[in-house]
Number of protein chains: 4
Amino acid sequence: MLKTAILGASGYTGFELLKILLYCPEVKLCAITSRQYKGKKVAEVFPALMGFVDQCFEDTEDFNVVSDAELVFSALPHKTSQDIVARLVGMGKRVIDLSADFRLKDIEVYKEWYGEHKAGDILQKAVYGLPELHRDEIKKAKVVANPGCYPTGAILGIAPLLGKGLIDINTIVIDSKSGVSGAGRGLSLDRTFVEVNEGFKAYNVGLHRHTPEIEQELSLISGSDIKVTFTPHLLPLNRGILSTIYADLNEDVSTKRVLSIYDEFYKDEPFIRLMVEGVYPNTTQVRGSNFCDIAIKVDSRTKRVIIISVIDNLIKGASGQAVQNMNIMYGLPEKTGLLTLPFPI
Amino acid sequence: MLKTAILGASGYTGFELLKILLYCPEVKLCAITSRQYKGKKVAEVFPALMGFVDQCFEDTEDFNVVSDAELVFSALPHKTSQDIVARLVGMGKRVIDLSADFRLKDIEVYKEWYGEHKAGDILQKAVYGLPELHRDEIKKAKVVANPGCYPTGAILGIAPLLGKGLIDINTIVIDSKSGVSGAGRGLSLDRTFVEVNEGFKAYNVGLHRHTPEIEQELSLISGSDIKVTFTPHLLPLNRGILSTIYADLNEDVSTKRVLSIYDEFYKDEPFIRLMVEGVYPNTTQVRGSNFCDIAIKVDSRTKRVIIISVIDNLIKGASGQAVQNMNIMYGLPEKTGLLTLPFPI
Amino acid sequence: MLKTAILGASGYTGFELLKILLYCPEVKLCAITSRQYKGKKVAEVFPALMGFVDQCFEDTEDFNVVSDAELVFSALPHKTSQDIVARLVGMGKRVIDLSADFRLKDIEVYKEWYGEHKAGDILQKAVYGLPELHRDEIKKAKVVANPGCYPTGAILGIAPLLGKGLIDINTIVIDSKSGVSGAGRGLSLDRTFVEVNEGFKAYNVGLHRHTPEIEQELSLISGSDIKVTFTPHLLPLNRGILSTIYADLNEDVSTKRVLSIYDEFYKDEPFIRLMVEGVYPNTTQVRGSNFCDIAIKVDSRTKRVIIISVIDNLIKGASGQAVQNMNIMYGLPEKTGLLTLPFPI
Amino acid sequence: MLKTAILGASGYTGFELLKILLYCPEVKLCAITSRQYKGKKVAEVFPALMGFVDQCFEDTEDFNVVSDAELVFSALPHKTSQDIVARLVGMGKRVIDLSADFRLKDIEVYKEWYGEHKAGDILQKAVYGLPELHRDEIKKAKVVANPGCYPTGAILGIAPLLGKGLIDINTIVIDSKSGVSGAGRGLSLDRTFVEVNEGFKAYNVGLHRHTPEIEQELSLISGSDIKVTFTPHLLPLNRGILSTIYADLNEDVSTKRVLSIYDEFYKDEPFIRLMVEGVYPNTTQVRGSNFCDIAIKVDSRTKRVIIISVIDNLIKGASGQAVQNMNIMYGLPEKTGLLTLPFPI
């Protein structure tokens, strides 16, 4: 029985993590914490869980509550995570951190996009928790930095094409569209129902903090320094990210040929599904699941490849991937807790 | 008093056209037709109009009903329009056609994307009704081919940059997202509420028929043959198109400099509004209005310009633009009927 | 030229009021105030208004800004309104107050549902601004208490049946469903997009503060003390209230007969539209307009009448009705500024 | 291993049934049929199921495909079901029919609301499959008539109060609001995205075919003939029904007292959850699950009880309840396949 705890379980990623772990017979939840709701019954805050959880939220500040846990999931906001993860590591815990705090290897890049970092030593040791790229390192990792939601869809979408000379790596454009839950459960005028509903906009154009994370991983695969243009947009729906990725092709290839490259690259991956030529995924077909579905189209008129990937930002883009990482770290079957069918309608 | 008629007024563009023309004191509606609802009261089909319209839908097949009209708006589907517009021209009417049938100058291109064309002679004489580019020709036009919704937002977004050597014209990528009303009022499983709601997808990737229309106009402005990658997506909302347009810059320029080019290009245009640097438009801010709002961002990290344009697909992308064209054709103040404030929430 | 001011114009009702008044050539807006945005350009806060308003928000606390105004609209929250309206009255202004502060005649009832009232003297003189019931008093009113959104739809729905012995007045049940804008523009977890979207719930069951307002007006018409059961629900959409009202019939009557009573009652009303038998209104058909559309069905199986009324909560339920009241107070044509067609899709 | 088949599995209830049965290790799906998609891969029609189902849809007309099945679920439309269920019974199969065809005991009532019935003999033997009321009969039933979605929520909401003299049974009003999936997957203008989105309406007022089904079951419990007023409304969301039920109380009782009656009535029920006083359920908290959550409020001002029940119309209102019935019929643990956590966001 694997003993775990979730810090910051009253946000959306924390809640989804809780839901998934309730499905894992191999896992015991020692503590579920929330600063905002400490002392309150979990099922009172989330009535959907009435009858499933009797526990109350513990105090996030009280480290005693995680003393029994072998593995701690931290679903706290970035900046807040740094200290707490450092302290957990000091206590000998293994940690899966869902914030952005340990994703960037280069502390200077972190400073440029996020500001000061108080746990730079751990930064170096943390493993970027994208199983499709780093499964072996994840197995032994003390700290897994769980990828951001946009980077997950973007990196999985473009990775198979890198390091093969097939595309011009200076031409990558990533146009992403995300549901509102990606912004978390905090209050903000631009996430109220009336302001979001029936609207659509881009935001943080050219400035989004997920950019260096995407560039770090793409550069790593390709062996060259890659810069991408990344534009996030806000969709008026709860869950789902669709990324449309463009790159110039260096040679004439067919869609079929590109698809076969993806097929080979992902052939053993349990959570990647490729669409047949001419069929494009809807975010709904992965909703509630840990899948990343990918479609390819070569636009031969412009000699450009178009890749479309969809994920559920809260599952493969956050909590599902965290559990996938847990399974890898502890030698559990990788699909444990993650076999829930998608919830398309 | 300008006498007009609307053919095919029971679809969404026809309905919006009707609404706008009801605001124009200078316009008399001689006939409103609908094959599906002929004989039925307009206000019975559209209860919102109770108290505003007493007329019944006339039969679209009966050309007598338009005999008094000087100007005929055809909101019929493409393919259907060809014959009817030809016949109307034969009757001496001026026509604003909202279908795709007369937008492409090159009949071979039409055939490639749409199939046979039975009124090729008119194709040559029709004027592409984008006032910002063709105002003078529209004034005298017998037939105005009202632009498609995607092309309107895309062309207006990129036009000011062409013919100046500022961008590499081979690198234009247009990633567009449209509300569901753009697909019309016909029945189809993939436009039912349950299938669209809470989802997002790309469609017709690399194959959308608006592509040649965009290319025709961009090529015309730039004086060179331009090919673009155009990817349409379906947003789970009723109205609005946002296009995110990417192009490589040939030189280092600031966002401010690019904005000043747009400012100059559109300085006398009543329906173009530019966003200040760092602010990006939401589709809601133009909803129900004839505006096209445009934002610019130079991504200096990748030496790429990102242009974001928003329109209401049914107004500037269809019926509002048709009325703007009418105003130009008949020397009416260009804003007649089009001063309705946007309906953002 | 009627000089007016809007206090608290950055909320949803204030914004809609501003939009309507911009359509009124007879009205000059001397001041638009907002505590939160004072000093900021209106068009910066509401980009939809770019090109329509050059003014900045003034400080709500600074009474000098309204000195030129003859009529002041207060769109401030209840409780806040009391003092300010009293002070405006002291300055000799006429006031249309959109809050709940002056709607209840009986100060004890106000105290029971809202708490202390600091301007009880004005309470007595204020006129309940439902033109269909109080047009004559509104003409001369110093202070008009603009009705609540739920009461507007509910009272208009049931009023024609009262005082005729047709229904058992002890059996009135009002089941109302409102869009989210009715709750205002403030921040609250239960009005965020993710929490509201795709959900539906009742709230304040048996406790909603609009209950005594409904009861006051119904009792006034019927001449007897009426108590109603009123249940509000939250719809996942921006605008619109639909109220389904039930009452036991004292005698066997047909739907047609009841419709004729409504027809007679509302025959001169410019903003009431009755549906023909068997057709039921959608909230969309009044959206953006000042209409209240009403349908009637006698359920002869249970000898009960079912009345369905729809309004746009921000227009007939707030700002449109306020302008209708202004028109009545100043002898303007009652439809001034209110002839905008509904915005159904 | 229980061998089953699903007839008509390409609609929404069929799809949900398929999803649930895929979770049941005790169940083998011999055949999945669809007239519209026969021969097509299930995962092609429902891409969410890629990797989960390899089967193709069989032909519904071909009875050979169900020959191995012991139990057949029929998710065919009413009217179509009659013949087919009769034939399946003739083949010795047990059947759970999700249509309305076998729910009404009295063939005259069926004729009045639906028209002719061609299998009246089975009508008598069929058991109304609401486990909370008819568990014992379901155990031995040959044909289970799975309840309608509205009746499920309404009956469960009011049942505990009947037969106790607590309420006046002539005063029951049921105001129900349903998501769009309740209307099925067929094409119809009033279920298209643009028409439904951002709107709300009542429909079939006083005429909905679920009325006699509700009355049959309430009369059965109370032992008296009960007539109810039932008004269905269409919510702009995919899944969920909320019913607000009103009845006059015969005596003064507290909310707490009424809650204790419900507590007692449902004490052994695995899928009924009662809300604590003052808390009201959102449809989201049961979405994707087989729960029916119920809240009670006594409105002492009007001496009326207000009951609010929520269900997922596709699960407890259709396919989940069908599986619950299967579990009861075959002595499986009643929660088999139904322990999926709700999907609230």
# chains A, B, ... in the order shown; residues from 1 in each chain; ligands from 1
$ residues_around --residues "Phe200 (chain D)" --least-positions-apart "6" --cutoff "9 Å" --atoms "only C-alpha atoms" --output "tab-separated table (two decimals) with N, CA and C atoms, in the first residue's frame"
chain	number	residue	atom	x	y	z
C	177	LYS	N	-36.06	31.21	-13.18
C	177	LYS	CA	-34.73	30.79	-13.61
C	177	LYS	C	-34.06	32.00	-14.24
C	235	LEU	N	-29.37	29.87	-14.13
C	235	LEU	CA	-29.16	29.28	-15.46
C	235	LEU	C	-27.73	29.54	-15.94
C	237	LEU	N	-26.26	30.81	-18.40
C	237	LEU	CA	-26.27	31.72	-19.56
C	237	LEU	C	-26.20	33.14	-19.01
C	240	GLY	N	-31.32	36.81	-19.15
C	240	GLY	CA	-32.66	36.28	-19.34
C	240	GLY	C	-33.21	35.70	-18.06
C	241	ILE	N	-34.50	35.96	-17.84
C	241	ILE	CA	-35.24	35.30	-16.76
C	241	ILE	C	-36.49	34.69	-17.36
C	242	LEU	N	-36.74	33.45	-17.03
C	242	LEU	CA	-38.00	32.82	-17.35
C	242	LEU	C	-38.67	32.45	-16.04
C	281	PRO	N	-42.49	31.07	-24.98
C	281	PRO	CA	-41.35	31.93	-25.32
C	281	PRO	C	-40.01	31.38	-24.84
C	282	ASN	N	-38.98	31.68	-25.60
C	282	ASN	CA	-37.61	31.41	-25.20
C	282	ASN	C	-37.02	32.72	-24.69
C	283	THR	N	-36.19	32.64	-23.69
C	283	THR	CA	-35.56	33.89	-23.19
C	283	THR	C	-34.85	34.64	-24.31
C	284	THR	N	-34.37	33.90	-25.32
C	284	THR	CA	-33.62	34.56	-26.39
C	284	THR	C	-34.46	35.56	-27.18
D	233	HIS	N	-38.71	21.91	-18.98
D	233	HIS	CA	-37.99	23.04	-19.59
D	233	HIS	C	-36.67	22.52	-20.15
D	234	LEU	N	-36.14	23.24	-21.13
D	234	LEU	CA	-34.88	22.83	-21.77
D	234	LEU	C	-33.72	23.71	-21.32
D	235	LEU	N	-32.75	23.09	-20.65
D	235	LEU	CA	-31.56	23.80	-20.19
D	235	LEU	C	-30.47	23.79	-21.26
D	236	PRO	N	-29.72	24.87	-21.39
D	236	PRO	CA	-28.63	24.88	-22.37
D	236	PRO	C	-27.37	24.22	-21.82
$ residues_around --residues "Glu269 (chain C)" --least-positions-apart "2" --cutoff "12 Å" --atoms "only C-alpha atoms" --output "list in words"
Leu130, Pro131, Glu132, Leu133, Arg135, Leu156, Tyr262, Asp263, Glu264, Phe265, Tyr266, Lys267, Phe271, Ile272, Arg273, Leu274, Asn290, Phe291, Cys292, Asp293, Gln324, Glu334 and Lys335 of chain C
$ select_by_dssp --residues "region 106-224 of chain C" --states "strand (DSSP E)" --output "MDAnalysis selection string"
chainID C and resid 127:128 143:145 173:178 201:202
$ write_last_selection --atoms "N, CA, C and O atoms" --output "PDB file, in the first residue's frame"
ATOM      1  N   VAL C 127     -41.830  55.852  -5.714  1.00  0.00           N
ATOM      2  CA  VAL C 127     -42.842  55.150  -6.509  1.00  0.00           C
ATOM      3  C   VAL C 127     -42.218  53.877  -7.074  1.00  0.00           C
ATOM      4  O   VAL C 127     -41.092  53.899  -7.573  1.00  0.00           O
ATOM      5  N   TYR C 128     -42.944  52.768  -6.978  1.00  0.00           N
ATOM      6  CA  TYR C 128     -42.458  51.499  -7.522  1.00  0.00           C
ATOM      7  C   TYR C 128     -42.557  51.572  -9.049  1.00  0.00           C
ATOM      8  O   TYR C 128     -43.661  51.647  -9.614  1.00  0.00           O
ATOM      9  N   VAL C 143     -38.614  60.168  -6.655  1.00  0.00           N
ATOM     10  CA  VAL C 143     -37.752  58.982  -6.595  1.00  0.00           C
ATOM     11  C   VAL C 143     -38.519  57.794  -7.153  1.00  0.00           C
ATOM     12  O   VAL C 143     -39.605  57.475  -6.666  1.00  0.00           O
ATOM     13  N   VAL C 144     -37.950  57.183  -8.164  1.00  0.00           N
ATOM     14  CA  VAL C 144     -38.529  55.957  -8.688  1.00  0.00           C
ATOM     15  C   VAL C 144     -37.667  54.787  -8.234  1.00  0.00           C
ATOM     16  O   VAL C 144     -36.455  54.778  -8.451  1.00  0.00           O
ATOM     17  N   ALA C 145     -38.307  53.839  -7.571  1.00  0.00           N
ATOM     18  CA  ALA C 145     -37.608  52.615  -7.167  1.00  0.00           C
ATOM     19  C   ALA C 145     -37.798  51.617  -8.296  1.00  0.00           C
ATOM     20  O   ALA C 145     -38.886  51.060  -8.471  1.00  0.00           O
ATOM     21  N   VAL C 173     -47.418  29.815  -6.967  1.00  0.00           N
ATOM     22  CA  VAL C 173     -46.045  29.323  -6.898  1.00  0.00           C
ATOM     23  C   VAL C 173     -45.284  29.919  -8.078  1.00  0.00           C
ATOM     24  O   VAL C 173     -45.746  29.832  -9.223  1.00  0.00           O
ATOM     25  N   ILE C 174     -44.140  30.544  -7.796  1.00  0.00           N
ATOM     26  CA  ILE C 174     -43.340  31.175  -8.852  1.00  0.00           C
ATOM     27  C   ILE C 174     -41.990  30.485  -8.909  1.00  0.00           C
ATOM     28  O   ILE C 174     -41.205  30.556  -7.966  1.00  0.00           O
ATOM     29  N   ASP C 175     -41.762  29.779  -9.995  1.00  0.00           N
ATOM     30  CA  ASP C 175     -40.504  29.055 -10.178  1.00  0.00           C
ATOM     31  C   ASP C 175     -39.710  29.822 -11.234  1.00  0.00           C
ATOM     32  O   ASP C 175     -40.046  29.781 -12.420  1.00  0.00           O
ATOM     33  N   SER C 176     -38.658  30.522 -10.801  1.00  0.00           N
ATOM     34  CA  SER C 176     -37.932  31.413 -11.717  1.00  0.00           C
ATOM     35  C   SER C 176     -36.518  30.926 -11.988  1.00  0.00           C
ATOM     36  O   SER C 176     -35.885  30.306 -11.131  1.00  0.00           O
ATOM     37  N   LYS C 177     -36.056  31.212 -13.182  1.00  0.00           N
ATOM     38  CA  LYS C 177     -34.733  30.793 -13.608  1.00  0.00           C
ATOM     39  C   LYS C 177     -34.060  32.005 -14.239  1.00  0.00           C
ATOM     40  O   LYS C 177     -34.574  32.565 -15.195  1.00  0.00           O
ATOM     41  N   SER C 178     -32.890  32.345 -13.721  1.00  0.00           N
ATOM     42  CA  SER C 178     -32.226  33.563 -14.181  1.00  0.00           C
ATOM     43  C   SER C 178     -30.829  33.301 -14.698  1.00  0.00           C
ATOM     44  O   SER C 178     -30.097  32.459 -14.186  1.00  0.00           O
ATOM     45  N   LYS C 201     -28.845  25.013 -10.609  1.00  0.00           N
ATOM     46  CA  LYS C 201     -29.190  24.816  -9.202  1.00  0.00           C
ATOM     47  C   LYS C 201     -30.227  25.836  -8.761  1.00  0.00           C
ATOM     48  O   LYS C 201     -30.389  26.887  -9.384  1.00  0.00           O
ATOM     49  N   ALA C 202     -30.919  25.531  -7.694  1.00  0.00           N
ATOM     50  CA  ALA C 202     -31.765  26.498  -7.007  1.00  0.00           C
ATOM     51  C   ALA C 202     -30.914  27.157  -5.930  1.00  0.00           C
ATOM     52  O   ALA C 202     -29.895  26.618  -5.504  1.00  0.00           O
TER      53      ALA C 202
END
$ interface_residues --of "chain A" --to "chain C" --cutoff "10 Å" --atoms "only C-alpha atoms" --output "list in words"
Tyr12, Gly179, Val180, Ser181, Gly182, Ala183, Gly184, Arg185, Gly186, Leu187, Ser188, Leu189, Asp190, Arg191, Thr192, Phe193, Val194, Glu195, Val196, Asn197, Glu198, Pro236, Leu237, Asn238 and Arg239 of chain A
$ residues_around --residues "Leu17 (chain A)" --least-positions-apart "4" --cutoff "8 Å" --atoms "only C-alpha atoms" --output "MDAnalysis selection string"
chainID A and resid 9 13 21 319:320 322:323
$ residues_around --residues "region 116-125 of chain A" --least-positions-apart "3" --cutoff "6 Å" --atoms "only C-alpha atoms" --output "PyMOL selection string"
chain A and resi 82+102+105+111
$ write_last_selection --atoms "N, CA and C atoms" --output "PDB file, in the first residue's frame"
ATOM      1  N   GLN A  82       8.103  26.168  -3.900  1.00  0.00           N
ATOM      2  CA  GLN A  82       9.560  26.059  -3.723  1.00  0.00           C
ATOM      3  C   GLN A  82       9.975  25.628  -2.315  1.00  0.00           C
ATOM      4  N   PHE A 102       9.712  23.607 -10.545  1.00  0.00           N
ATOM      5  CA  PHE A 102      10.888  22.775 -10.775  1.00  0.00           C
ATOM      6  C   PHE A 102      10.999  22.251 -12.202  1.00  0.00           C
ATOM      7  N   LYS A 105      15.246  23.767 -16.057  1.00  0.00           N
ATOM      8  CA  LYS A 105      16.571  23.355 -15.571  1.00  0.00           C
ATOM      9  C   LYS A 105      17.459  24.556 -15.277  1.00  0.00           C
ATOM     10  N   LYS A 111      14.329  32.705 -13.529  1.00  0.00           N
ATOM     11  CA  LYS A 111      14.296  34.087 -13.022  1.00  0.00           C
ATOM     12  C   LYS A 111      13.709  35.042 -14.048  1.00  0.00           C
TER      13      LYS A 111
END
$ select_by_dssp --residues "region 138-266 of chain C" --states "helix (DSSP H, G or I)" --output "MDAnalysis selection string"
chainID C and resid 138:140 149:161 169:171 180:183 189:191 193:196 211:222 255:265
$ atom_distance --atom1 "CA of Thr302 (chain D)" --atom2 "CA of Val253 (chain D)"
12.1 Å
$ atom_distance --atom1 "CA of Gly148 (chain D)" --atom2 "CA of Val310 (chain D)"
14.0 Å
$ residues_around --residues "Ser224 (chain C)" --least-positions-apart "2" --cutoff "12 Å" --atoms "only C-alpha atoms" --output "VMD selection string"
chain C and resid 162 to 165 168 to 170 215 to 222 226 to 227
$ residues_around --residues "Gly206 (chain D)" --least-positions-apart "4" --cutoff "12 Å" --atoms "only C-alpha atoms" --output "PyMOL selection string"
(chain C and resi 246+255+278+280+296-307) or (chain D and resi 113+173-175+202+210-212+227-233)
$ write_last_selection --atoms "C-alpha atoms" --output "PDB file, in the first residue's frame"
ATOM      1  CA  TYR C 246     -48.689  28.262 -11.139  1.00  0.00           C
ATOM      2  CA  THR C 255     -56.645  29.074 -22.243  1.00  0.00           C
ATOM      3  CA  GLY C 278     -49.547  26.547 -27.635  1.00  0.00           C
ATOM      4  CA  TYR C 280     -44.000  29.232 -25.436  1.00  0.00           C
ATOM      5  CA  ILE C 296     -50.654  31.083 -20.902  1.00  0.00           C
ATOM      6  CA  LYS C 297     -51.720  27.457 -20.548  1.00  0.00           C
ATOM      7  CA  VAL C 298     -54.700  26.190 -18.638  1.00  0.00           C
ATOM      8  CA  ASP C 299     -53.990  22.645 -17.449  1.00  0.00           C
ATOM      9  CA  SER C 300     -57.572  21.468 -17.359  1.00  0.00           C
ATOM     10  CA  ARG C 301     -56.535  18.061 -16.001  1.00  0.00           C
ATOM     11  CA  THR C 302     -55.486  19.713 -12.743  1.00  0.00           C
ATOM     12  CA  LYS C 303     -57.560  22.903 -12.985  1.00  0.00           C
ATOM     13  CA  ARG C 304     -54.466  25.027 -12.736  1.00  0.00           C
ATOM     14  CA  VAL C 305     -53.204  27.913 -14.841  1.00  0.00           C
ATOM     15  CA  ILE C 306     -49.560  27.987 -15.920  1.00  0.00           C
ATOM     16  CA  ILE C 307     -48.114  31.346 -16.917  1.00  0.00           C
TER      17      ILE C 307
ATOM     18  CA  TRP D 113     -50.618   9.631 -24.781  1.00  0.00           C
ATOM     19  CA  VAL D 173     -46.563  20.736  -9.059  1.00  0.00           C
ATOM     20  CA  ILE D 174     -43.403  19.449 -10.721  1.00  0.00           C
ATOM     21  CA  ASP D 175     -41.265  22.039 -12.470  1.00  0.00           C
ATOM     22  CA  ALA D 202     -40.582  25.490 -21.454  1.00  0.00           C
ATOM     23  CA  HIS D 210     -43.957  11.556 -18.930  1.00  0.00           C
ATOM     24  CA  THR D 211     -46.945  12.888 -17.004  1.00  0.00           C
ATOM     25  CA  PRO D 212     -48.986   9.625 -16.903  1.00  0.00           C
ATOM     26  CA  LYS D 227     -52.903  14.048 -10.938  1.00  0.00           C
ATOM     27  CA  VAL D 228     -49.883  16.342 -11.162  1.00  0.00           C
ATOM     28  CA  THR D 229     -48.996  19.476 -13.062  1.00  0.00           C
ATOM     29  CA  PHE D 230     -45.717  18.766 -14.813  1.00  0.00           C
ATOM     30  CA  THR D 231     -43.770  21.393 -16.784  1.00  0.00           C
ATOM     31  CA  PRO D 232     -40.559  20.416 -18.579  1.00  0.00           C
ATOM     32  CA  HIS D 233     -37.989  23.042 -19.587  1.00  0.00           C
TER      33      HIS D 233
END
